[in-house]
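upload.txt (compact mmCIF, N, CA and C atoms)
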# COMPACT_ATOMS: atom_id res chain seq x y z
N MET A 13 66.04 -109.27 60.44
CA MET A 13 66.05 -107.97 61.07
C MET A 13 64.83 -107.19 60.59
N ALA A 14 64.02 -106.79 61.50
CA ALA A 14 62.77 -106.10 61.16
C ALA A 14 63.00 -104.59 61.10
N VAL A 15 62.03 -103.90 60.55
CA VAL A 15 62.10 -102.45 60.48
C VAL A 15 61.30 -101.85 61.63
N SER A 16 61.55 -100.59 61.90
CA SER A 16 60.84 -99.91 62.99
C SER A 16 59.37 -99.74 62.61
N PRO A 17 58.51 -99.58 63.61
CA PRO A 17 57.08 -99.36 63.31
C PRO A 17 56.85 -98.12 62.45
N ALA A 18 57.64 -97.08 62.66
CA ALA A 18 57.49 -95.85 61.87
C ALA A 18 57.82 -96.12 60.40
N SER A 19 58.92 -96.84 60.16
CA SER A 19 59.30 -97.16 58.78
C SER A 19 58.28 -98.06 58.12
N GLU A 20 57.76 -99.01 58.88
CA GLU A 20 56.74 -99.91 58.33
C GLU A 20 55.49 -99.13 57.95
N ALA A 21 55.10 -98.16 58.78
CA ALA A 21 53.92 -97.34 58.46
C ALA A 21 54.16 -96.51 57.20
N LYS A 22 55.35 -95.95 57.08
CA LYS A 22 55.69 -95.17 55.88
C LYS A 22 55.63 -96.06 54.63
N LEU A 23 56.19 -97.26 54.75
CA LEU A 23 56.20 -98.17 53.61
C LEU A 23 54.79 -98.61 53.21
N ARG A 24 53.95 -98.89 54.18
CA ARG A 24 52.57 -99.29 53.87
C ARG A 24 51.81 -98.16 53.19
N ALA A 25 51.99 -96.92 53.68
CA ALA A 25 51.33 -95.77 53.06
C ALA A 25 51.84 -95.56 51.63
N ALA A 26 53.15 -95.70 51.45
CA ALA A 26 53.73 -95.54 50.11
C ALA A 26 53.25 -96.63 49.17
N LEU A 27 53.15 -97.86 49.68
CA LEU A 27 52.65 -98.98 48.88
C LEU A 27 51.22 -98.70 48.42
N ALA A 28 50.42 -98.22 49.32
CA ALA A 28 49.02 -97.91 48.97
C ALA A 28 48.97 -96.80 47.92
N ARG A 29 49.77 -95.75 48.09
CA ARG A 29 49.77 -94.65 47.12
C ARG A 29 50.20 -95.14 45.74
N LEU A 30 51.26 -95.94 45.69
CA LEU A 30 51.75 -96.43 44.39
C LEU A 30 50.72 -97.34 43.72
N LEU A 31 50.11 -98.23 44.49
CA LEU A 31 49.13 -99.14 43.91
C LEU A 31 47.85 -98.41 43.49
N ASP A 32 47.52 -97.33 44.18
CA ASP A 32 46.34 -96.54 43.81
C ASP A 32 46.63 -95.57 42.66
N GLY A 33 47.90 -95.47 42.27
CA GLY A 33 48.27 -94.56 41.19
C GLY A 33 48.30 -93.11 41.63
N GLU A 34 48.56 -92.85 42.88
CA GLU A 34 48.60 -91.49 43.41
C GLU A 34 49.93 -91.21 44.11
N PRO A 35 51.03 -91.35 43.41
CA PRO A 35 52.32 -91.11 44.05
C PRO A 35 52.54 -89.62 44.35
N GLN A 36 53.32 -89.35 45.38
CA GLN A 36 53.63 -87.97 45.75
C GLN A 36 55.09 -87.63 45.50
N GLN A 37 55.97 -88.62 45.53
CA GLN A 37 57.41 -88.36 45.43
C GLN A 37 58.07 -88.96 44.19
N THR A 38 57.35 -89.81 43.45
CA THR A 38 57.97 -90.52 42.32
C THR A 38 57.11 -90.39 41.07
N ASP A 39 57.57 -91.07 40.01
CA ASP A 39 56.82 -91.04 38.76
C ASP A 39 55.69 -92.07 38.73
N GLY A 40 55.57 -92.88 39.77
CA GLY A 40 54.48 -93.83 39.87
C GLY A 40 54.78 -95.21 39.34
N ALA A 41 55.97 -95.43 38.79
CA ALA A 41 56.33 -96.76 38.31
C ALA A 41 56.38 -97.72 39.49
N LEU A 42 55.91 -98.93 39.27
CA LEU A 42 55.84 -99.91 40.35
C LEU A 42 57.18 -100.64 40.49
N THR A 43 58.12 -99.96 41.13
CA THR A 43 59.43 -100.54 41.40
C THR A 43 59.72 -100.42 42.89
N LYS A 44 60.58 -101.31 43.36
CA LYS A 44 60.95 -101.25 44.78
C LYS A 44 61.74 -99.97 45.08
N GLU A 45 62.47 -99.51 44.11
CA GLU A 45 63.20 -98.25 44.28
C GLU A 45 62.21 -97.10 44.50
N ASN A 46 61.16 -97.08 43.71
CA ASN A 46 60.14 -96.03 43.89
C ASN A 46 59.41 -96.19 45.22
N LEU A 47 59.22 -97.43 45.66
CA LEU A 47 58.59 -97.67 46.96
C LEU A 47 59.44 -97.02 48.06
N ALA A 48 60.75 -97.22 47.98
CA ALA A 48 61.65 -96.63 48.98
C ALA A 48 61.60 -95.10 48.91
N ARG A 49 61.65 -94.56 47.70
CA ARG A 49 61.60 -93.10 47.54
C ARG A 49 60.27 -92.52 48.02
N GLU A 50 59.22 -93.18 47.67
CA GLU A 50 57.88 -92.72 48.05
C GLU A 50 57.73 -92.73 49.58
N ALA A 51 58.31 -93.73 50.23
CA ALA A 51 58.22 -93.84 51.69
C ALA A 51 59.25 -92.96 52.40
N GLY A 52 60.26 -92.53 51.67
CA GLY A 52 61.31 -91.72 52.29
C GLY A 52 62.24 -92.54 53.16
N VAL A 53 62.47 -93.79 52.76
CA VAL A 53 63.38 -94.67 53.49
C VAL A 53 64.44 -95.19 52.52
N SER A 54 65.45 -95.84 53.08
CA SER A 54 66.52 -96.36 52.22
C SER A 54 66.06 -97.63 51.51
N HIS A 55 66.77 -97.96 50.46
CA HIS A 55 66.49 -99.17 49.70
C HIS A 55 66.69 -100.41 50.59
N ALA A 56 67.70 -100.33 51.48
CA ALA A 56 67.97 -101.44 52.39
C ALA A 56 66.80 -101.67 53.35
N THR A 57 66.17 -100.57 53.78
CA THR A 57 65.02 -100.68 54.69
C THR A 57 63.89 -101.42 54.01
N VAL A 58 63.67 -101.16 52.74
CA VAL A 58 62.62 -101.86 51.99
C VAL A 58 62.89 -103.36 52.01
N HIS A 59 64.14 -103.75 51.82
CA HIS A 59 64.47 -105.17 51.76
C HIS A 59 64.47 -105.84 53.13
N ARG A 60 64.55 -105.06 54.20
CA ARG A 60 64.44 -105.63 55.54
C ARG A 60 62.98 -105.81 55.96
N ALA A 61 62.07 -105.11 55.29
CA ALA A 61 60.64 -105.21 55.62
C ALA A 61 60.05 -106.40 54.87
N THR A 62 60.24 -107.59 55.40
CA THR A 62 59.85 -108.81 54.68
C THR A 62 58.34 -108.92 54.50
N ASP A 63 57.57 -108.47 55.47
CA ASP A 63 56.10 -108.54 55.34
C ASP A 63 55.62 -107.65 54.19
N ILE A 64 56.17 -106.47 54.12
CA ILE A 64 55.76 -105.53 53.07
C ILE A 64 56.24 -106.02 51.71
N LEU A 65 57.44 -106.61 51.66
CA LEU A 65 57.94 -107.16 50.40
C LEU A 65 57.06 -108.32 49.93
N ALA A 66 56.59 -109.15 50.86
CA ALA A 66 55.70 -110.25 50.49
C ALA A 66 54.40 -109.70 49.91
N GLU A 67 53.87 -108.66 50.54
CA GLU A 67 52.65 -108.03 50.03
C GLU A 67 52.92 -107.40 48.65
N TRP A 68 54.05 -106.75 48.50
CA TRP A 68 54.44 -106.15 47.22
C TRP A 68 54.48 -107.21 46.14
N ASN A 69 55.17 -108.32 46.42
CA ASN A 69 55.29 -109.39 45.42
C ASN A 69 53.95 -110.02 45.09
N ALA A 70 53.04 -110.06 46.04
CA ALA A 70 51.71 -110.63 45.78
C ALA A 70 50.88 -109.69 44.92
N ARG A 71 51.04 -108.40 45.11
CA ARG A 71 50.21 -107.44 44.38
C ARG A 71 50.85 -106.97 43.07
N VAL A 72 52.14 -107.11 42.92
CA VAL A 72 52.84 -106.71 41.70
C VAL A 72 53.64 -107.92 41.21
N PRO A 73 52.97 -108.98 40.73
CA PRO A 73 53.69 -110.20 40.38
C PRO A 73 54.46 -110.12 39.06
N GLN A 74 53.93 -109.41 38.09
CA GLN A 74 54.59 -109.37 36.79
C GLN A 74 55.74 -108.37 36.82
N PRO A 75 56.78 -108.65 36.03
CA PRO A 75 57.89 -107.72 35.98
C PRO A 75 57.44 -106.40 35.35
N VAL A 76 58.03 -105.36 35.80
CA VAL A 76 57.69 -104.03 35.29
C VAL A 76 58.33 -103.85 33.92
N ARG A 77 57.55 -103.36 32.99
CA ARG A 77 58.08 -103.13 31.64
C ARG A 77 58.96 -101.89 31.64
N ARG A 78 60.04 -102.02 30.90
CA ARG A 78 60.97 -100.90 30.81
C ARG A 78 60.62 -100.06 29.60
N THR A 79 60.85 -98.77 29.74
CA THR A 79 60.61 -97.86 28.62
C THR A 79 61.74 -98.01 27.61
N PRO A 80 61.53 -97.54 26.38
CA PRO A 80 62.61 -97.62 25.38
C PRO A 80 63.89 -96.92 25.83
N SER A 81 63.73 -95.80 26.52
CA SER A 81 64.94 -95.09 26.97
C SER A 81 65.67 -95.89 28.05
N GLU A 82 64.92 -96.60 28.90
CA GLU A 82 65.55 -97.45 29.91
C GLU A 82 66.28 -98.63 29.26
N ARG A 83 65.66 -99.21 28.23
CA ARG A 83 66.31 -100.30 27.52
C ARG A 83 67.58 -99.81 26.84
N ALA A 84 67.51 -98.65 26.20
CA ALA A 84 68.70 -98.08 25.53
C ALA A 84 69.79 -97.80 26.56
N ARG A 85 69.41 -97.27 27.71
CA ARG A 85 70.37 -96.99 28.77
C ARG A 85 71.04 -98.28 29.24
N ASP A 86 70.21 -99.32 29.44
CA ASP A 86 70.76 -100.60 29.90
C ASP A 86 71.67 -101.23 28.86
N GLU A 87 71.32 -101.11 27.59
CA GLU A 87 72.18 -101.63 26.52
C GLU A 87 73.50 -100.87 26.47
N THR A 88 73.42 -99.55 26.65
CA THR A 88 74.64 -98.73 26.68
C THR A 88 75.52 -99.14 27.85
N ILE A 89 74.91 -99.35 29.00
CA ILE A 89 75.66 -99.76 30.18
C ILE A 89 76.32 -101.12 29.93
N THR A 90 75.58 -102.05 29.33
CA THR A 90 76.14 -103.37 29.04
C THR A 90 77.32 -103.25 28.08
N THR A 91 77.15 -102.44 27.04
CA THR A 91 78.23 -102.24 26.06
C THR A 91 79.45 -101.62 26.73
N LEU A 92 79.23 -100.61 27.55
CA LEU A 92 80.34 -99.95 28.23
C LEU A 92 81.04 -100.89 29.22
N ARG A 93 80.28 -101.72 29.90
CA ARG A 93 80.89 -102.68 30.81
C ARG A 93 81.75 -103.69 30.06
N THR A 94 81.27 -104.12 28.89
CA THR A 94 82.04 -105.04 28.06
C THR A 94 83.33 -104.38 27.59
N GLN A 95 83.21 -103.14 27.14
CA GLN A 95 84.40 -102.41 26.69
C GLN A 95 85.38 -102.20 27.83
N LEU A 96 84.86 -101.90 29.02
CA LEU A 96 85.72 -101.72 30.18
C LEU A 96 86.45 -103.01 30.52
N ALA A 97 85.74 -104.13 30.48
CA ALA A 97 86.37 -105.42 30.77
C ALA A 97 87.47 -105.72 29.76
N GLU A 98 87.21 -105.43 28.48
CA GLU A 98 88.22 -105.65 27.44
C GLU A 98 89.42 -104.73 27.65
N ALA A 99 89.17 -103.48 28.00
CA ALA A 99 90.26 -102.53 28.24
C ALA A 99 91.10 -102.96 29.44
N ARG A 100 90.44 -103.44 30.48
CA ARG A 100 91.18 -103.91 31.66
C ARG A 100 92.03 -105.12 31.31
N GLN A 101 91.46 -106.04 30.51
CA GLN A 101 92.22 -107.22 30.09
C GLN A 101 93.42 -106.79 29.27
N SER A 102 93.23 -105.85 28.36
CA SER A 102 94.33 -105.35 27.55
C SER A 102 95.39 -104.68 28.42
N ALA A 103 94.96 -103.91 29.40
CA ALA A 103 95.90 -103.25 30.30
C ALA A 103 96.70 -104.28 31.10
N ARG A 104 96.04 -105.35 31.55
CA ARG A 104 96.75 -106.41 32.27
C ARG A 104 97.79 -107.07 31.37
N GLN A 105 97.40 -107.31 30.11
CA GLN A 105 98.32 -107.94 29.17
C GLN A 105 99.51 -107.02 28.90
N LEU A 106 99.25 -105.74 28.67
CA LEU A 106 100.33 -104.79 28.42
C LEU A 106 101.22 -104.64 29.65
N GLN A 107 100.64 -104.65 30.84
CA GLN A 107 101.44 -104.55 32.06
C GLN A 107 102.34 -105.77 32.19
N GLY A 108 101.82 -106.93 31.82
CA GLY A 108 102.64 -108.14 31.84
C GLY A 108 103.81 -108.04 30.88
N GLN A 109 103.56 -107.52 29.68
CA GLN A 109 104.63 -107.33 28.71
C GLN A 109 105.65 -106.32 29.23
N LEU A 110 105.16 -105.25 29.83
CA LEU A 110 106.06 -104.23 30.37
C LEU A 110 106.93 -104.81 31.49
N ASP A 111 106.34 -105.61 32.35
CA ASP A 111 107.10 -106.25 33.42
C ASP A 111 108.17 -107.18 32.85
N ALA A 112 107.79 -107.94 31.81
CA ALA A 112 108.74 -108.85 31.18
C ALA A 112 109.89 -108.06 30.54
N LEU A 113 109.58 -106.96 29.87
CA LEU A 113 110.63 -106.14 29.25
C LEU A 113 111.53 -105.50 30.31
N ALA A 114 110.95 -105.08 31.42
CA ALA A 114 111.76 -104.51 32.50
C ALA A 114 112.71 -105.56 33.06
N THR A 115 112.24 -106.79 33.18
CA THR A 115 113.10 -107.87 33.67
C THR A 115 114.24 -108.14 32.70
N VAL A 116 113.93 -108.22 31.41
CA VAL A 116 114.96 -108.45 30.40
C VAL A 116 115.96 -107.30 30.41
N THR A 117 115.47 -106.07 30.51
CA THR A 117 116.36 -104.91 30.53
C THR A 117 117.29 -104.95 31.74
N ALA A 118 116.76 -105.33 32.90
CA ALA A 118 117.59 -105.42 34.10
C ALA A 118 118.66 -106.49 33.93
N HIS A 119 118.30 -107.63 33.34
CA HIS A 119 119.29 -108.68 33.10
C HIS A 119 120.35 -108.22 32.11
N LEU A 120 119.94 -107.56 31.04
CA LEU A 120 120.91 -107.06 30.06
C LEU A 120 121.83 -106.01 30.67
N TYR A 121 121.28 -105.16 31.51
CA TYR A 121 122.09 -104.13 32.18
C TYR A 121 123.15 -104.79 33.06
N ALA A 122 122.72 -105.80 33.85
CA ALA A 122 123.66 -106.49 34.72
C ALA A 122 124.74 -107.21 33.91
N GLU A 123 124.33 -107.84 32.82
CA GLU A 123 125.29 -108.53 31.96
C GLU A 123 126.25 -107.54 31.32
N ASN A 124 125.75 -106.40 30.90
CA ASN A 124 126.59 -105.37 30.30
C ASN A 124 127.62 -104.87 31.30
N ARG A 125 127.22 -104.64 32.53
CA ARG A 125 128.16 -104.18 33.56
C ARG A 125 129.23 -105.22 33.82
N THR A 126 128.81 -106.49 33.87
CA THR A 126 129.78 -107.57 34.08
C THR A 126 130.79 -107.62 32.94
N LEU A 127 130.31 -107.52 31.72
CA LEU A 127 131.20 -107.57 30.55
C LEU A 127 132.14 -106.36 30.53
N ARG A 128 131.65 -105.20 30.90
CA ARG A 128 132.51 -104.01 30.94
C ARG A 128 133.60 -104.15 32.00
N ARG A 129 133.25 -104.75 33.13
CA ARG A 129 134.26 -104.97 34.17
C ARG A 129 135.34 -105.93 33.68
N ARG A 130 134.89 -107.00 33.02
CA ARG A 130 135.84 -107.96 32.48
C ARG A 130 136.73 -107.30 31.44
N GLN A 131 136.15 -106.51 30.57
CA GLN A 131 136.90 -105.83 29.53
C GLN A 131 137.89 -104.85 30.14
N GLY A 132 137.47 -104.16 31.18
CA GLY A 132 138.34 -103.19 31.84
C GLY A 132 139.53 -103.84 32.49
N SER A 133 139.40 -105.04 32.98
CA SER A 133 140.53 -105.70 33.62
C SER A 133 141.46 -106.34 32.59
N GLN A 134 141.02 -106.54 31.35
CA GLN A 134 141.83 -107.18 30.32
C GLN A 134 142.48 -106.19 29.39
N VAL A 135 141.89 -105.01 29.19
CA VAL A 135 142.36 -104.08 28.20
C VAL A 135 142.85 -102.81 28.89
N ASP A 136 143.84 -102.20 28.32
CA ASP A 136 144.37 -100.93 28.82
C ASP A 136 143.26 -99.88 28.77
N ALA A 137 143.17 -99.03 29.75
CA ALA A 137 142.12 -98.02 29.83
C ALA A 137 142.14 -97.07 28.64
N SER A 138 143.33 -96.74 28.11
CA SER A 138 143.40 -95.82 26.97
C SER A 138 142.85 -96.46 25.70
N ALA A 139 142.90 -97.76 25.60
CA ALA A 139 142.39 -98.45 24.42
C ALA A 139 140.87 -98.45 24.40
N ARG A 140 140.26 -98.29 25.54
CA ARG A 140 138.79 -98.29 25.60
C ARG A 140 138.20 -96.96 25.22
N ARG A 141 138.97 -95.91 25.27
CA ARG A 141 138.45 -94.58 24.99
C ARG A 141 138.13 -94.39 23.53
N ILE A 142 137.02 -93.78 23.27
CA ILE A 142 136.63 -93.49 21.90
C ILE A 142 137.09 -92.06 21.62
N PRO A 143 137.85 -91.86 20.55
CA PRO A 143 138.36 -90.49 20.28
C PRO A 143 137.22 -89.56 19.91
N PHE A 144 137.39 -88.30 20.27
CA PHE A 144 136.40 -87.29 19.97
C PHE A 144 136.53 -86.93 18.50
N ALA A 145 135.44 -87.04 17.75
CA ALA A 145 135.48 -86.78 16.32
C ALA A 145 134.32 -85.88 15.94
N PRO A 146 134.36 -84.59 16.24
CA PRO A 146 133.23 -83.71 15.94
C PRO A 146 133.00 -83.49 14.46
N ALA A 147 134.03 -83.61 13.62
CA ALA A 147 133.86 -83.39 12.19
C ALA A 147 132.92 -84.43 11.59
N ALA A 148 132.85 -85.58 12.19
CA ALA A 148 131.97 -86.62 11.68
C ALA A 148 130.50 -86.22 11.85
N PHE A 149 130.23 -85.29 12.74
CA PHE A 149 128.87 -84.86 12.98
C PHE A 149 128.57 -83.50 12.37
N GLY A 150 129.54 -82.95 11.61
CA GLY A 150 129.30 -81.69 10.92
C GLY A 150 129.43 -80.47 11.82
N ARG A 151 130.12 -80.61 12.96
CA ARG A 151 130.33 -79.48 13.85
C ARG A 151 131.82 -79.25 14.02
N PRO A 152 132.25 -78.02 14.08
CA PRO A 152 133.68 -77.77 14.30
C PRO A 152 134.06 -78.12 15.74
N ASP A 153 135.29 -78.47 15.92
CA ASP A 153 135.79 -78.80 17.25
C ASP A 153 136.02 -77.50 18.00
N LYS A 154 135.20 -77.22 18.98
CA LYS A 154 135.29 -75.96 19.72
C LYS A 154 136.52 -75.92 20.62
N ARG A 155 137.02 -77.07 21.00
CA ARG A 155 138.19 -77.09 21.89
C ARG A 155 139.44 -76.66 21.13
N ARG A 156 139.48 -76.88 19.85
CA ARG A 156 140.68 -76.58 19.06
C ARG A 156 140.57 -75.25 18.33
N ALA A 157 139.45 -74.55 18.49
CA ALA A 157 139.28 -73.30 17.75
C ALA A 157 140.28 -72.27 18.20
N ASP A 158 140.80 -71.54 17.24
CA ASP A 158 141.79 -70.49 17.51
C ASP A 158 141.07 -69.23 17.95
N PRO A 159 141.38 -68.68 19.16
CA PRO A 159 140.67 -67.52 19.64
C PRO A 159 140.93 -66.26 18.84
N ALA A 160 141.94 -66.21 18.04
CA ALA A 160 142.29 -65.00 17.32
C ALA A 160 141.54 -64.82 16.09

Spell out the structure here as structure tokens.
Amino acid sequence: MAVSPASEAKLRAALARLLDGEPQQTDGALTKENLAREAGVSHATVHRATDILAEWNARVPQPVRRTPSERARDETITTLRTQLAEARQSARQLQGQLDALATVTAHLYAENRTLRRRQGSQVDASARRIPFAPAAFGRPDKRRADPA
């Protein structure tokens, strides 16, 4: 897919400005991103202009050196991506554990209900009741308090 004649003209003019060291829109670094900015076109348009890219590659064959701040930025990005990958892996592992615990809890709940039903059919309902014992908790029994 080719670019329009207008875009090609913009890219050629931008290429000439960058190679001559006279940029108008960028810092002058010889990058394809700066070529797109200098020409006022999208990065995708630069990559569709195969003739201009061939000329670019012929005239700028060596890789562009990165500044110390760019290297530090890239190292930070790499470190953060690694940390993010580790955090995602940990989150997946914890989610797996949570799902397993939820499954076990659901099974225990169902088993508990089954056992309570069995117990209810075998034992008198009054025998299952736990007597109210507020004194064991250090509180007076409010139901038995004398209003006088």

Seminar exercise, completed: Between CA of Leu31 in chain A and CA of Glu50 in chain A lies a distance of 11.6 Å

For this session: Could you tell me which of A:Gln74, A:Ser19, A:Thr38, A:Ser102 comes closest to Ala61 in chain A if we count only N, CA and C atoms?
Result: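 Comparing A:Gln74, A:Ser19, A:Thr38, A:Ser102 against Ala61 in chain A, the winner is A:Ser19.
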
Exercise. Which one is closest to Thr43 in chain A: A:Ala112, A:Leu96, A:Leu30, A:Ala122? Count all atoms listed in the file.
Worked result: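 Looking only at the distances to Thr43 in chain A, the closest residue turns out to be A:Leu30.
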
Problem set entry | Residues within 10 Å of (60.3, -93.6, 46.3), file coords, only C-alpha atoms, listed as a list in words | Leu23, Ala26, Leu27, Leu30, Pro35, Gln36, Gln37, Thr38, Asp39, Gly40, Ala41, Leu42, Thr43, Lys44, Glu45, Asn46, Leu47, Ala48, Arg49, Glu50, Ala51, Gly52, Val53, Ser54 and His55 of chain A

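A straight line drawn from CA of Asp32 in chain A to CA of Asp86 in chain A is 28.4 Å long.
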
Exercise. What is the distance between atom C of Ala28 in chain A and CA of Trp68 in chain A, in Å to one decimal?
Worked result: 10.9 Å
